[in-house]
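Asks: Below is a structure I'd like to ask you about.
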Amino acid sequence: MGLSGAYGRTDDDESVRVIHTYLDAGGTLLDTADFYGAGHNEQLVGRALRERSRDDAVLSVKFGALLTPGPGIPGGGADGRPDAVRNYLTYSLQRLGTDHVDIYRPARLDRRVPIEDTVGAIAELVEAGHVRHIGLSEVGAETIRRAAAVAPISDVQIEYSLLSRGIEDEILATCRELGIGVTAYGVLSKGLIGGNAASPVLAAAFPRFGGENREHNDALVARLQEVADAKEATLAQLAIAWVAAQGDDVVPVVGARRAAQVESMIASTSVTLDDDDLARIDALVPRGAARGTRYPEAHMADLDSEG
């Protein structure tokens with residue numbers, strides 16, 4: 001998403017170098033969506049993979065978020081109708097320059113359409129060979145169970161970080177009961193942890209970046225500096241390592257816009273956290289300590305994962 005303008009201006013040539021740096025280092029998972037840059041991101045990924053083996057990458061694609069012209073985050077709802085699912089994928093395959101995607105998932109639950117219908121349509125695409133696996137995104141435990149009753153679900157993509165631990169209530173346990181992985185995004189809380197904050201437009205819209213909330217959250221994150229220093233790691237690397245330490249079934253997804261960020265991200269895999277480290281981090285930044293919702297109020301209503 002960050003390579004398509006979500007956090008400021010980008011350069012396509014540099015973005016392709018970023019993807020190549022990641023792949024050359026042994027990375028495989030590329031997470032995109034048809035609405036990132038209104039198709040731009042898929043075209044970019046397709047360009048980056050043009051001279052590579054298709055098997056070099058695991059393409060995870062989200063669909064369904066409805067857009068309106070102009071800047072900002074998607075906020076027009078979602079479309080999970082079976083006909084729309086097939087239509088979205090047709091365009092994605094063209095932009096990506098491939099005949100299949102590895103994981104296909106609705107970005108948000110379309111409350112007008114039973115999840116069984118949406119997942120059933122993806123299952124038909126699996127049978128046809130256009131999709132390898134079915135994923136979900138930002139859905140609650142009940143929806144996960146209903147979807148899994150229709151077809152095997154590979155993973156649930158959902159925000160999970162030191163500042164966003166809501167999935168620990170029920171969603172994580174449900175996924176583990178059903179043998180479903182978790183793909184964790186927002187690991188750095190949109191830049192609150194160890195990086196530059198989100199772009200001014202997005203930062204102004206997200207409650208965690210506003211006024212006293214921002215001061216409180218910055219102070220929370222600052223508590224972790226001593227732990228990071230002891231591990232000879234950056235705050236970002238510590239945050240990535242913390243998510244990775246939550247289980248082999250939890251995969252952090254971290255965005256990068258420069259090759260140096262990719263290298264730093266990869267270095268996080270050498271940061272080892274034992275039980276004592278995890279307990280100390282939990283004491284410093286207790287669950288639920290962050291102030292402000294993780295999305296603007298209007299968008300929180302679109303999150304089935306929030307109940």
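Letters A, B, ... mark the chains of the structure tokens in the order given; residue numbers begin at 1 per chain; ligand numbers begin at 1, in order shown.
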Which residues are near Leu125 of chain A? Cut-off 10 Å, only C-alpha atoms, ignore same chain within fewer than 3 positions. Put them as a JSON list (two decimals) with N, CA and C atoms, in the first residue's frame.

Replies:
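Once written, result-v3.json looks like this:
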```json
[["chain", "number", "residue", "atom", "x", "y", "z"],
["A", 85, "VAL", "N", -17.08, -10.56, -7.18],
["A", 85, "VAL", "CA", -15.84, -11.28, -6.87],
["A", 85, "VAL", "C", -15.15, -11.71, -8.16],
["A", 86, "ARG", "N", -15.91, -12.31, -9.05],
["A", 86, "ARG", "CA", -15.33, -12.77, -10.32],
["A", 86, "ARG", "C", -14.84, -11.60, -11.16],
["A", 89, "LEU", "N", -11.51, -10.13, -9.71],
["A", 89, "LEU", "CA", -10.35, -10.98, -9.97],
["A", 89, "LEU", "C", -9.90, -10.87, -11.42],
["A", 100, "HIS", "N", -3.07, -16.57, -11.99],
["A", 100, "HIS", "CA", -3.63, -16.96, -10.70],
["A", 100, "HIS", "C", -3.04, -16.11, -9.58],
["A", 104, "TYR", "N", -6.71, -15.01, -2.08],
["A", 104, "TYR", "CA", -7.68, -14.00, -2.48],
["A", 104, "TYR", "C", -8.64, -13.80, -1.32],
["A", 119, "VAL", "N", -17.47, -16.38, -0.01],
["A", 119, "VAL", "CA", -16.45, -17.43, 0.06],
["A", 119, "VAL", "C", -16.75, -18.53, -0.96],
["A", 120, "GLY", "N", -18.02, -18.81, -1.16],
["A", 120, "GLY", "CA", -18.39, -19.81, -2.16],
["A", 120, "GLY", "C", -17.94, -19.41, -3.56],
["A", 121, "ALA", "N", -18.04, -18.12, -3.87],
["A", 121, "ALA", "CA", -17.59, -17.64, -5.18],
["A", 121, "ALA", "C", -16.08, -17.78, -5.33],
["A", 122, "ILE", "N", -15.35, -17.50, -4.24],
["A", 122, "ILE", "CA", -13.88, -17.66, -4.31],
["A", 122, "ILE", "C", -13.55, -19.14, -4.45],
["A", 128, "ALA", "N", -11.40, -23.53, -10.39],
["A", 128, "ALA", "CA", -11.06, -23.19, -11.78],
["A", 128, "ALA", "C", -9.56, -22.92, -11.96],
["A", 129, "GLY", "N", -8.81, -22.86, -10.86],
["A", 129, "GLY", "CA", -7.37, -22.67, -10.94],
["A", 129, "GLY", "C", -6.90, -21.23, -10.93],
["A", 130, "HIS", "N", -7.82, -20.29, -10.75],
["A", 130, "HIS", "CA", -7.44, -18.87, -10.76],
["A", 130, "HIS", "C", -6.99, -18.38, -9.39],
["A", 131, "VAL", "N", -7.34, -19.13, -8.35],
["A", 131, "VAL", "CA", -6.98, -18.79, -6.97],
["A", 131, "VAL", "C", -6.47, -20.07, -6.31],
["A", 132, "ARG", "N", -5.43, -19.93, -5.48],
["A", 132, "ARG", "CA", -4.90, -21.10, -4.79],
["A", 132, "ARG", "C", -5.53, -21.28, -3.41],
["A", 133, "HIS", "N", -5.69, -20.19, -2.67],
["A", 133, "HIS", "CA", -6.19, -20.28, -1.29],
["A", 133, "HIS", "C", -7.13, -19.13, -0.99],
["A", 134, "ILE", "N", -8.00, -19.34, 0.00],
["A", 134, "ILE", "CA", -8.99, -18.33, 0.38],
["A", 134, "ILE", "C", -8.58, -17.70, 1.70]]
```

Asks: List as a ChimeraX atom specification the protein and nucleic acid residues near Asp117 of chain A, meaning an atom at most 12 Å away when only C-alpha atoms are counted, but skip any in the same chain fewer than 4 places from it.

Replies: /A:79-85,106,109-113,121-124,146-147,149-151

Asks: Run DSSP on the backbone and give me the residues of segment 37-254 of chain A it puts in strand (DSSP E), as number ranges by chain.

Replies: A: 58-63, 101-106, 131-137, 155-159, 181-185, 250-252

Asks: Measuring between only C-alpha atoms, which one of A:Pro152, A:Gly46, A:Gly64, A:Gly2 shows the shortest distance to Gly191 of chain A?

Replies: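 That would be A:Gly2, the residue with the smallest distance to Gly191 of chain A.
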
Asks: For atom CA of Val61 of chain A and atom CA of Ile103 of chain A, determine how far apart the two atoms are, in Å to one decimal place.

Replies: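 So the two atoms, atom CA of Val61 of chain A and atom CA of Ile103 of chain A, lie 6.1 Å apart.
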
Asks: When you count only C-alpha atoms, which of these residues is closest to Val221 of chain A: A:Leu66, A:Ala205, A:Leu284, A:Ala241?

Replies: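 Smallest distance to Val221 of chain A is found for A:Leu284.
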
Asks: Have a look at atom CA of Gly186 of chain A and atom CA of Ala107 of chain A and let me know their distance in Å, one decimal.

Replies: 14.5 Å

Asks: Given the choices A:Thr269, A:Ser53, A:Ser60, A:Thr21, which gets closest to Thr183 of chain A if the distance is worked out from only C-alpha atoms?

Replies: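 Residue with the minimum atom-to-atom distance to Thr183 of chain A: A:Ser60.
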
Asks: Could you check the closest approach to Asp248 of chain A for each of A:Gly179, A:Gly39, A:Gly135, A:Gly307 and tell me which residue wins, using only C-alpha atoms?

Replies: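 Among A:Gly179, A:Gly39, A:Gly135, A:Gly307, it is A:Gly179 that comes nearest to Asp248 of chain A.
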
Asks: At a cut-off of 12 Å, can you tabulate as a Markdown table every residue of segment 187-234 of chain A near segment 297-306 of chain A together with its closest atom pair and the distance in Å to one decimal, using only C-alpha atoms and ordering rows by chain then number?

Replies:
```
| residue | atom | partner | partner_atom | distance |
| --- | --- | --- | --- | --- |
| A:Ala205 | CA | A:Glu297 | CA | 9.2 |
| A:Phe206 | CA | A:Glu297 | CA | 8.6 |
| A:Pro207 | CA | A:Glu297 | CA | 8.3 |
| A:Arg208 | CA | A:Glu297 | CA | 11.4 |
```

Asks: Here is a test: counting only C-alpha atoms, which residue of A:Ala259, A:Val227, A:Ala283, A:Val187 is nearest to Val243 of chain A?

Replies: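 Under the stated criterion, the closest residue is A:Val187.
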
Asks: Near segment 251-258 of chain A, within 6 Å and counting only C-alpha atoms, which residues show up once chain neighbours fewer than 3 positions away are dropped, as a tab-separated table (two decimals) with C-alpha atoms, in the first residue's frame?

Replies:
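Below you can see around39.tsv, which holds the result:
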```tsv
chain	number	residue	atom	x	y	z
A	3	LEU	CA	4.22	2.04	-2.65
A	18	VAL	CA	12.23	-2.22	-3.13
A	183	THR	CA	-1.42	-12.37	8.76
A	184	ALA	CA	-0.76	-9.37	10.98
A	185	TYR	CA	-0.72	-5.93	9.41
A	261	GLN	CA	13.68	-0.26	5.13
A	262	VAL	CA	13.53	-3.73	3.62
```

Asks: If we count only C-alpha atoms, what is near Val45 of chain A at a cut-off of 9 Å, once residues fewer than 2 positions away on the same chain are taken out, given as a list in words?

Replies: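 Once the nearby chain positions are removed, what remains is Val16, Ile19, Leu30, Thr32, His40, Asn41, Glu42, Gln43, Arg47, Ala48, Leu49, Arg50, Arg95, Leu96 and Gly97 of chain A.
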
Asks: With distances taken over only C-alpha atoms, which of A:Asp11, A:Glu177, A:Asp276, A:Asp55 is nearest to Val101 of chain A?

Replies: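 Answer, going by the shortest atom-to-atom distance: A:Asp55.
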